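structure-v7.cif follows; it contains mmCIF, C-alpha atoms.
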data_protein
#
loop_
_atom_site.label_atom_id
_atom_site.label_comp_id
_atom_site.auth_asym_id
_atom_site.auth_seq_id
_atom_site.Cartn_x
_atom_site.Cartn_y
_atom_site.Cartn_z
CA MET O 1015 126.19 128.05 65.82
CA VAL O 1016 123.87 127.34 62.92
CA HIS O 1017 122.09 130.20 61.24
CA LEU O 1018 118.95 129.32 59.33
CA SER O 1019 117.21 131.86 57.14
CA GLY O 1020 113.47 132.37 57.31
CA GLU O 1021 113.14 130.42 54.07
CA GLU O 1022 115.18 127.50 55.44
CA LYS O 1023 113.12 127.42 58.65
CA GLY O 1024 110.02 127.37 56.46
CA TYR O 1025 111.30 124.33 54.55
CA ILE O 1026 112.10 122.54 57.80
CA ASN O 1027 108.75 123.28 59.43
CA ALA O 1028 106.80 122.32 56.31
CA ILE O 1029 108.41 118.89 56.34
CA TRP O 1030 108.34 118.40 60.11
CA SER O 1031 104.63 119.13 60.37
CA LYS O 1032 103.99 116.06 58.22
CA VAL O 1033 106.49 113.66 59.80
CA SER O 1034 105.28 110.57 61.62
CA ILE O 1035 107.74 110.67 64.51
CA ASP O 1036 107.36 107.06 65.64
CA GLN O 1037 107.59 105.63 62.14
CA THR O 1038 110.41 107.84 60.88
CA GLY O 1039 112.36 107.53 64.13
CA ALA O 1040 112.21 103.74 63.96
CA GLU O 1041 113.16 103.82 60.27
CA ALA O 1042 116.13 106.11 60.87
CA LEU O 1043 117.60 104.15 63.77
CA GLY O 1044 116.98 100.89 61.93
CA ARG O 1045 118.76 102.09 58.81
CA LEU O 1046 121.67 103.40 60.89
CA LEU O 1047 122.17 99.92 62.36
CA ILE O 1048 121.81 98.21 58.96
CA VAL O 1049 123.89 100.56 56.80
CA TYR O 1050 126.57 101.20 59.44
CA PRO O 1051 126.56 97.93 61.42
CA TRP O 1052 129.33 99.05 63.77
CA THR O 1053 126.88 101.46 65.40
CA SER O 1054 125.28 98.42 67.04
CA ARG O 1055 128.05 98.69 69.63
CA PHE O 1056 125.77 101.03 71.58
CA PHE O 1057 122.80 98.70 71.42
CA ASP O 1058 124.09 95.23 72.38
CA HIS O 1059 121.31 95.06 74.95
CA PHE O 1060 118.63 95.41 72.29
CA GLY O 1061 118.69 91.72 71.37
CA ASP O 1062 118.75 90.40 67.82
CA LEU O 1063 120.26 92.90 65.38
CA SER O 1064 121.79 90.26 63.10
CA SER O 1065 119.86 91.00 59.91
CA ALA O 1066 118.01 93.87 58.28
CA LYS O 1067 114.74 92.07 58.99
CA SER O 1068 115.51 91.55 62.67
CA VAL O 1069 116.65 95.16 63.09
CA MET O 1070 113.54 96.65 61.50
CA GLY O 1071 111.30 94.30 63.48
CA ASN O 1072 113.07 94.88 66.79
CA ALA O 1073 110.68 96.57 69.26
CA LYS O 1074 113.53 98.19 71.20
CA VAL O 1075 114.93 99.72 68.01
CA GLN O 1076 111.49 101.04 67.14
CA GLY O 1077 110.95 102.43 70.63
CA HIS O 1078 114.34 104.05 70.87
CA GLY O 1079 114.10 105.47 67.37
CA ALA O 1080 110.84 107.13 68.29
CA LYS O 1081 112.43 108.54 71.46
CA VAL O 1082 115.41 109.95 69.53
CA LEU O 1083 113.22 111.62 66.91
CA THR O 1084 110.88 113.04 69.56
CA SER O 1085 113.95 114.69 71.06
CA PHE O 1086 114.88 115.96 67.61
CA GLY O 1087 111.56 117.79 67.66
CA ASP O 1088 113.09 120.08 70.28
CA ALA O 1089 115.63 121.09 67.68
CA VAL O 1090 112.89 122.10 65.25
CA LYS O 1091 111.19 124.16 68.00
CA ASN O 1092 114.49 125.80 69.03
CA MET O 1093 116.46 126.25 65.83
CA ASP O 1094 118.11 129.41 67.17
CA ASN O 1095 119.37 127.81 70.37
CA LEU O 1096 120.48 124.26 69.62
CA LYS O 1097 123.43 124.33 72.03
CA GLY O 1098 121.23 125.35 74.96
CA THR O 1099 118.48 122.92 74.00
CA PHE O 1100 120.81 119.92 73.85
CA ALA O 1101 123.21 120.80 76.68
CA LYS O 1102 121.91 118.13 79.06
CA LEU O 1103 121.71 115.48 76.32
CA SER O 1104 125.26 116.36 75.30
CA GLU O 1105 126.47 115.66 78.84
CA LEU O 1106 124.53 112.40 78.87
CA HIS O 1107 126.03 111.22 75.57
CA CYS O 1108 129.53 112.05 76.78
CA ASP O 1109 129.48 111.03 80.43
CA LYS O 1110 127.09 108.09 80.49
CA LEU O 1111 126.60 106.79 76.94
CA HIS O 1112 130.17 107.38 75.65
CA VAL O 1113 129.03 107.89 72.08
CA ASP O 1114 131.63 109.09 69.56
CA PRO O 1115 130.11 112.33 68.19
CA GLU O 1116 130.85 111.16 64.65
CA ASN O 1117 127.77 108.97 65.09
CA PHE O 1118 125.53 112.04 65.39
CA LYS O 1119 126.55 113.02 61.87
CA LEU O 1120 125.82 109.51 60.61
CA LEU O 1121 122.34 109.48 62.16
CA GLY O 1122 121.64 112.99 60.92
CA ASN O 1123 122.42 111.93 57.36
CA ILE O 1124 120.32 108.80 57.69
CA LEU O 1125 117.41 110.96 58.90
CA VAL O 1126 117.79 113.14 55.80
CA ILE O 1127 117.64 110.03 53.60
CA CYS O 1128 114.49 108.84 55.42
CA LEU O 1129 112.86 112.22 54.87
CA ALA O 1130 113.80 112.10 51.17
CA GLU O 1131 112.21 108.67 50.97
CA HIS O 1132 108.95 109.87 52.52
CA PHE O 1133 108.64 113.19 50.78
CA GLY O 1134 109.94 112.27 47.33
CA LYS O 1135 110.01 115.17 44.88
CA GLU O 1136 109.05 117.62 47.63
CA PHE O 1137 112.51 116.98 49.12
CA THR O 1138 114.26 119.28 46.67
CA PRO O 1139 117.97 120.18 46.87
CA GLU O 1140 117.00 123.38 48.72
CA VAL O 1141 114.89 121.50 51.26
CA GLN O 1142 117.70 118.98 51.67
CA ALA O 1143 120.21 121.79 52.24
CA ALA O 1144 118.09 123.30 55.01
CA TRP O 1145 117.73 119.95 56.74
CA GLN O 1146 121.44 119.22 56.39
CA LYS O 1147 122.18 122.50 58.19
CA LEU O 1148 119.80 121.55 60.98
CA VAL O 1149 121.13 118.02 61.49
CA ALA O 1150 124.70 119.35 61.42
CA GLY O 1151 123.70 121.93 64.05
CA VAL O 1152 122.17 119.24 66.24
CA ALA O 1153 125.29 117.07 65.88
CA THR O 1154 127.48 120.00 66.90
CA ALA O 1155 125.20 120.83 69.85
CA LEU O 1156 125.27 117.22 71.05
CA ALA O 1157 129.07 117.25 70.94
CA HIS O 1158 129.39 120.65 72.57
CA LYS O 1159 129.64 119.48 76.20
CA TYR O 1160 132.14 116.71 75.54
CA HIS O 1161 135.26 116.82 77.62
CA MET U 527 133.40 91.44 48.41
CA PHE U 528 129.69 91.73 47.62
CA SER U 529 127.24 89.00 48.55
CA ALA U 530 124.88 87.69 45.88
CA GLU U 531 122.08 89.64 47.52
CA GLU U 532 124.10 92.87 47.54
CA GLN U 533 125.05 92.38 43.90
CA SER U 534 121.40 91.93 43.03
CA HIS U 535 120.43 95.19 44.81
CA ILE U 536 123.27 97.11 43.15
CA VAL U 537 122.30 95.88 39.70
CA GLN U 538 118.63 96.60 40.40
CA ILE U 539 119.45 100.20 41.33
CA TRP U 540 121.66 100.60 38.25
CA ASN U 541 118.89 99.32 36.01
CA TYR U 542 116.73 102.14 37.34
CA LEU U 543 119.42 104.75 36.59
CA SER U 544 120.70 103.35 33.30
CA GLY U 545 119.63 105.27 30.22
CA HIS U 546 118.96 108.36 32.36
CA GLU U 547 122.53 109.21 33.27
CA ALA U 548 122.20 112.88 32.28
CA ILE U 549 119.00 113.39 34.30
CA PHE U 550 120.24 111.73 37.45
CA GLY U 551 123.74 113.14 37.03
CA THR U 552 122.29 116.66 36.87
CA GLU U 553 120.21 116.18 40.01
CA LEU U 554 123.21 114.65 41.79
CA LEU U 555 125.31 117.73 41.08
CA GLN U 556 122.45 120.09 41.92
CA ARG U 557 122.15 118.47 45.34
CA LEU U 558 125.91 118.36 45.83
CA PHE U 559 126.43 122.03 44.95
CA THR U 560 123.38 123.24 46.89
CA VAL U 561 124.07 121.28 50.07
CA TYR U 562 127.88 121.40 49.97
CA PRO U 563 128.82 124.59 48.07
CA SER U 564 132.54 124.02 48.74
CA THR U 565 132.45 121.09 46.27
CA LYS U 566 132.06 123.58 43.42
CA SER U 567 135.74 124.38 43.84
CA TYR U 568 136.57 121.16 41.98
CA PHE U 569 134.53 122.01 38.90
CA PRO U 570 134.82 124.67 36.24
CA PRO U 571 132.97 127.83 37.30
CA LEU U 572 129.25 127.69 36.58
CA ILE U 573 128.43 130.19 33.84
CA PRO U 574 125.09 131.99 34.27
CA GLY U 575 122.65 130.65 31.69
CA LEU U 576 124.78 127.60 31.04
CA GLU U 577 124.71 125.97 34.47
CA LEU U 578 122.17 123.32 33.54
CA THR U 579 124.08 122.26 30.43
CA GLN U 580 127.34 122.17 32.39
CA MET U 581 125.79 120.03 35.11
CA GLN U 582 124.13 117.74 32.57
CA ASN U 583 127.41 117.14 30.77
CA HIS U 584 129.43 116.52 33.87
CA GLY U 585 126.70 114.70 35.75
CA GLU U 586 126.28 112.31 32.85
CA GLN U 587 130.03 111.58 32.90
CA ILE U 588 129.89 110.74 36.59
CA LEU U 589 126.85 108.47 36.23
CA MET U 590 128.38 106.67 33.24
CA ALA U 591 131.48 105.98 35.33
CA VAL U 592 129.21 104.56 38.04
CA GLY U 593 127.77 102.27 35.36
CA VAL U 594 131.27 101.04 34.49
CA ALA U 595 131.83 100.36 38.17
CA VAL U 596 128.60 98.36 38.41
CA ASP U 597 129.61 96.26 35.39
CA ASN U 598 132.99 95.58 37.00
CA MET U 599 132.12 95.45 40.68
CA TYR U 600 134.40 92.48 41.31
CA ASP U 601 137.42 94.17 39.76
CA LEU U 602 136.98 97.87 40.45
CA ARG U 603 140.73 98.44 40.67
CA THR U 604 141.31 97.49 37.03
CA ALA U 605 138.16 99.04 35.63
CA LEU U 606 138.64 102.35 37.42
CA SER U 607 142.44 102.56 37.16
CA GLY U 608 142.35 105.48 34.72
CA LEU U 609 139.89 107.38 36.91
CA ALA U 610 142.01 106.61 39.98
CA ASP U 611 145.00 108.18 38.20
CA LEU U 612 142.91 111.20 37.28
CA HIS U 613 141.71 111.75 40.85
CA ALA U 614 145.16 111.19 42.39
CA TYR U 615 147.30 113.22 40.02
CA GLY U 616 144.89 115.53 38.26
CA LEU U 617 141.79 116.38 40.25
CA ARG U 618 143.19 115.63 43.74
CA VAL U 619 139.76 115.79 45.30
CA GLU U 620 139.94 115.94 49.11
CA PRO U 621 138.54 112.53 50.22
CA THR U 622 135.75 114.01 52.44
CA ASN U 623 134.03 115.10 49.26
CA PHE U 624 133.40 111.52 48.18
CA HIS U 625 131.25 111.11 51.29
CA PHE U 626 129.27 114.20 50.32
CA LEU U 627 128.69 112.83 46.81
CA ILE U 628 127.72 109.38 48.13
CA HIS U 629 125.27 110.95 50.58
CA CYS U 630 123.63 113.12 47.89
CA PHE U 631 123.36 110.02 45.68
CA GLN U 632 121.51 108.23 48.49
CA VAL U 633 119.16 111.16 49.05
CA MET U 634 118.43 111.32 45.32
CA LEU U 635 117.68 107.58 45.10
CA ALA U 636 115.50 107.71 48.21
CA SER U 637 113.48 110.64 46.87
CA HIS U 638 112.87 108.87 43.54
CA LEU U 639 112.34 105.28 44.67
CA GLN U 640 110.65 106.17 47.99
CA SER U 641 109.19 103.07 49.66
CA GLU U 642 110.93 100.86 47.10
CA TYR U 643 114.27 102.03 48.50
CA THR U 644 114.57 99.42 51.22
CA ALA U 645 117.20 99.46 53.95
CA GLU U 646 118.89 96.50 52.23
CA MET U 647 119.18 98.37 48.93
CA HIS U 648 120.41 101.48 50.75
CA ALA U 649 123.08 99.42 52.57
CA ALA U 650 124.23 97.64 49.39
CA TRP U 651 124.50 100.87 47.38
CA ASP U 652 126.36 102.56 50.23
CA LYS U 653 128.84 99.69 50.41
CA PHE U 654 129.26 99.76 46.62
CA LEU U 655 129.89 103.51 46.34
CA THR U 656 132.19 103.46 49.37
CA ASN U 657 134.27 100.79 47.64
CA VAL U 658 134.35 102.89 44.46
CA ALA U 659 135.58 105.88 46.50
CA VAL U 660 138.29 103.77 48.13
CA VAL U 661 139.57 102.70 44.68
CA LEU U 662 139.44 106.26 43.35
CA THR U 663 141.59 107.51 46.25
CA GLU U 664 143.95 104.53 46.44
CA LYS U 665 146.77 106.20 44.50
CA TYR U 666 146.67 109.39 46.58
CA HIS U 667 149.80 108.51 48.54
#
Please lay out the structure from this file as structure tokens.
Amino acid sequence: MVHLSGEEKGYINAIWSKVSIDQTGAEALGRLLIVYPWTSRFFDHFGDLSSAKSVMGNAKVQGHGAKVLTSFGDAVKNMDNLKGTFAKLSELHCDKLHVDPENFKLLGNILVICLAEHFGKEFTPEVQAAWQKLVAGVATALAHKYH
Amino acid sequence: MFSAEEQSHIVQIWNYLSGHEAIFGTELLQRLFTVYPSTKSYFPPLIPGLELTQMQNHGEQILMAVGVAVDNMYDLRTALSGLADLHAYGLRVEPTNFHFLIHCFQVMLASHLQSEYTAEMHAAWDKFLTNVAVVLTEKYH
């Protein structure tokens, strides 16, 4: 169970209010597939993922990235109940998608890097720390229903 | 081990950092200690009033070692042998911590370079630092 202070929630909301979900979602999923190419095992049906250029230009990657980050928005709205918020998605990732939960940590870290890229100096160590707590909480919540 | 394109990205990133090892080394440690407080257990205690100087000194050392690695990226084992000994027999840093350091390095680069920090550069630097970490932990067993 992640506990975020008022200050940490403030940092998270300040950043989130300025995030372009479609753009950042596509960026994050794209970078995951480029930096950790083995993650493409879950996306063989997406078509050409053979190069950085093809990954970033892939419409299915862009669409799915946007979908994933939209869902992440639920985490920001429910920071005190991540396990409840992601219970159904946890079951889906275990029972239907068969995703190793380690991948949630990878994507969470990639998202943090994308945010750092967008927000530059505003993404201070303290802001980073708050976001790291949130992405770790989401990763744990998504793994919670695994059996 | 590294393609010509990867080598080019790695060198490009190092050219950005080179000459500013103390500045970037300090920020690297600030991020590491703030985000992953358990990593402080490997460093001398931070003395109130002296923390910045301590982090500058040590951060600079780390960044300079990264520079040595860049200059010797095709023979990391030889170039980093002394550091590998230090980490295996002296520091004995739990390997997970290298991932924390690598991640904070990426966040730092992304926040400074912003849109210039392409996915290709990110991937090349990740591969490079991961290889450095492998060499530094090779003598652990």
Item to check | Explicit residue set for the PyMOL selection byres ((chain U) within 6 of (chain O)), as a ChimeraX atom specification | outcome: /U:557,561,633,636-638,640,645,649
Would you compute, for all listed atoms of stretch 595-608 of chain U, the axis-aligned bounding box grown by 5 Å on each side, and then report its centre and edge lengths in Å rounded to one decimal, as JSON?
{"center_x": 135.5, "center_y": 99.0, "center_z": 38.0, "size_x": 23.8, "size_y": 23.0, "size_z": 16.6}
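Here atom CA of O:Phe1057 stands at a distance of 29.0 Å from atom CA of O:Ile1029.
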Next on the checklist: If the PyMOL selection byres ((chain U and resi 539) around 10) were run on this exact file, what residues would it hold? Put them as a PyMOL selection string.
Outcome noted: chain U and resi 533-538+540-544+596+635+639+643+647-648+650-651
Next on the checklist: Starting from the PyMOL selection byres ((chain O and resi 1148) around 9), expand the selection into actual residues of this file and give them as a list in words.
Outcome noted: Val1016, His1017, Leu1018, Ile1026, Ala1089, Val1090, Met1093, Gly1122, Ala1143, Ala1144, Trp1145, Gln1146, Lys1147, Val1149, Ala1150, Gly1151, Val1152 and Ala1153 of chain O
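Atom to atom, atom CA of U:Gln556 and atom CA of U:Gln582 stand 9.8 Å apart.
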Checklist outcome for this item: atom CA of U:Thr579 sits from atom CA of U:Ser567 at a separation of 17.9 Å
Item to check | Cut-off 12 Å around (136.4, 104.6, 47.6) with only C-alpha atoms: residues as number ranges by chain | outcome: U: 592, 595, 602-603, 606, 609-610, 613, 619-625, 627-628, 652-666
Next on the checklist: Counting only C-alpha atoms, which residues sit no farther than 12 Å from the position (120.6, 123.2, 75.8) in the file's frame? I'd like them as a ChimeraX atom specification.
Outcome noted: /O:1085,1088-1089,1092-1106,1152,1154-1159
